[in-house]
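Asker: Below are the structure tokens for one structure; questions will follow.
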Amino acid sequence: MADDRTERAASSGKPADRLDGSRDAAREDRDRRVASDFRQMSQAERLDDKRLNPAAKQVAAMDAAIDKKYGQATPEAARMKVAAREAVAQTMERGGEIRTPRVREVEQRRDETRDQHRTAADKTSKDLER
């Protein structure tokens with residue numbers, strides 16, 4: 001039975017996770033190349049590359065958050081930005097999925113939730129005043 005599954009996985013012709021938990025060598029090699037390309041490219045080049053666009057947007061979002069917290073031209077910000085880029089590259093190297101951040105949607109939901117809480121609090125305070 002296990003041999004049948006192994007044969008089916010091997011015969012599919014595309015790199016995939018193996019049944020024993022190890023990863024296909026071709027897939028590992030591709031992930032290493034993508035991560036290497038990511039490390040060598042500039043941010044503008046990453047944004048233009050379809051494979052690296054989500055990761056580039058993730059780095060841009062992290063850079064903006066770092067700038068906001070530490071300031072733009074501080075040594076701490078520079079160290080944090082390098083660490084953020086390397087974290088994204090390592091995730092890609094391990095075959096992890098990098099998704100494009102959805103900041104606007106999160107901010108909208110946060111604002112809507114805040115408004116709902118304010119409305120509920122106002123209603124509660126008015127009820128208590130009666």
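Residue numbering restarts at 1 in every chain; chains get A, B, ... in the order shown in the structure tokens, and ligands count up from 1 in that same order.
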Find the spatial neighbours of Ala60 (chain A), counting only C-alpha atoms, within a cut-off of 10 Å - ignore same-chain residues fewer than 2 positions away - and output them as a PyMOL selection string.

Answerer: chain A and resi 43+47+54-58+62-66+81+84-85+101

Asker: Go through chain A and collect every residue that DSSP, computed from the backbone, puts in alpha helix (DSSP H); the answer should be as a PyMOL selection string.

Answerer: chain A and resi 2-11+25-40+43-48+53-70+75-93+103-129

Asker: In Å, rounded to a single decimal, give me how far CA of Gln40 (chain A) is from CA of Asn53 (chain A).

Answerer: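 Taking CA of Asn53 (chain A) as the start and CA of Gln40 (chain A) as the end point, the length is 14.3 Å.
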
Asker: Residues near Thr91 (chain A), anyone? I mean within 12 Å using only C-alpha atoms, not counting same-chain ones fewer than 3 positions away, as a VMD selection string.

Answerer: chain A and resid 31 to 32 34 to 36 38 55 58 84 to 88 94 to 99

Asker: Grab the residues selected above and save them as an mmCIF file, in the first residue's frame with N, CA and C atoms.

Answerer:
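Done, and the output landed in part_9.cif:
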```
data_model
loop_
_atom_site.group_PDB
_atom_site.id
_atom_site.type_symbol
_atom_site.label_atom_id
_atom_site.label_comp_id
_atom_site.auth_asym_id
_atom_site.auth_seq_id
_atom_site.Cartn_x
_atom_site.Cartn_y
_atom_site.Cartn_z
ATOM 1 N N ASP A 31 13.524 26.497 -4.725
ATOM 2 C CA ASP A 31 13.306 27.423 -3.617
ATOM 3 C C ASP A 31 14.599 28.154 -3.243
ATOM 4 N N ARG A 32 15.731 27.428 -3.273
ATOM 5 C CA ARG A 32 17.023 28.068 -2.986
ATOM 6 C C ARG A 32 17.365 29.119 -4.041
ATOM 7 N N VAL A 34 15.226 30.842 -5.931
ATOM 8 C CA VAL A 34 14.320 31.977 -5.757
ATOM 9 C C VAL A 34 14.794 32.847 -4.596
ATOM 10 N N ALA A 35 15.178 32.215 -3.489
ATOM 11 C CA ALA A 35 15.665 32.970 -2.329
ATOM 12 C C ALA A 35 16.964 33.696 -2.659
ATOM 13 N N SER A 36 17.826 33.043 -3.415
ATOM 14 C CA SER A 36 19.076 33.695 -3.822
ATOM 15 C C SER A 36 18.798 34.897 -4.718
ATOM 16 N N PHE A 38 16.099 36.649 -4.714
ATOM 17 C CA PHE A 38 15.480 37.648 -3.850
ATOM 18 C C PHE A 38 16.548 38.458 -3.113
ATOM 19 N N ALA A 55 6.525 38.828 -1.993
ATOM 20 C CA ALA A 55 7.577 38.968 -0.985
ATOM 21 C C ALA A 55 8.089 40.406 -0.943
ATOM 22 N N GLN A 58 5.639 42.412 0.939
ATOM 23 C CA GLN A 58 5.757 42.098 2.359
ATOM 24 C C GLN A 58 6.930 42.862 2.972
ATOM 25 N N ALA A 84 14.499 41.766 8.477
ATOM 26 C CA ALA A 84 13.197 41.500 7.856
ATOM 27 C C ALA A 84 13.374 40.888 6.475
ATOM 28 N N ARG A 85 14.282 41.456 5.679
ATOM 29 C CA ARG A 85 14.532 40.897 4.339
ATOM 30 C C ARG A 85 15.061 39.469 4.431
ATOM 31 N N GLU A 86 15.948 39.224 5.375
ATOM 32 C CA GLU A 86 16.511 37.890 5.523
ATOM 33 C C GLU A 86 15.448 36.903 5.999
ATOM 34 N N ALA A 87 14.551 37.334 6.862
ATOM 35 C CA ALA A 87 13.474 36.453 7.320
ATOM 36 C C ALA A 87 12.582 36.037 6.158
ATOM 37 N N VAL A 88 12.260 36.983 5.280
ATOM 38 C CA VAL A 88 11.440 36.663 4.108
ATOM 39 C C VAL A 88 12.201 35.701 3.193
ATOM 40 N N ARG A 94 12.780 27.898 2.582
ATOM 41 C CA ARG A 94 12.159 26.703 3.164
ATOM 42 C C ARG A 94 10.924 26.269 2.400
ATOM 43 N N GLY A 95 10.540 27.051 1.382
ATOM 44 C CA GLY A 95 9.364 26.693 0.597
ATOM 45 C C GLY A 95 8.081 27.254 1.154
ATOM 46 N N GLY A 96 8.189 28.161 2.109
ATOM 47 C CA GLY A 96 7.003 28.766 2.706
ATOM 48 C C GLY A 96 6.344 29.744 1.751
ATOM 49 N N GLU A 97 5.069 29.957 1.964
ATOM 50 C CA GLU A 97 4.306 30.859 1.104
ATOM 51 C C GLU A 97 4.364 32.270 1.667
ATOM 52 N N ILE A 98 4.654 33.224 0.812
ATOM 53 C CA ILE A 98 4.656 34.629 1.186
ATOM 54 C C ILE A 98 3.437 35.250 0.525
ATOM 55 N N ARG A 99 2.572 35.821 1.333
ATOM 56 C CA ARG A 99 1.361 36.442 0.800
ATOM 57 C C ARG A 99 1.491 37.953 0.826
#
```

Asker: Hey, can you check how far CA of Thr100 (chain A) sits from CA of Lys69 (chain A)?

Answerer: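 According to the coordinates, CA of Thr100 (chain A) and CA of Lys69 (chain A) are separated by 21.2 Å.
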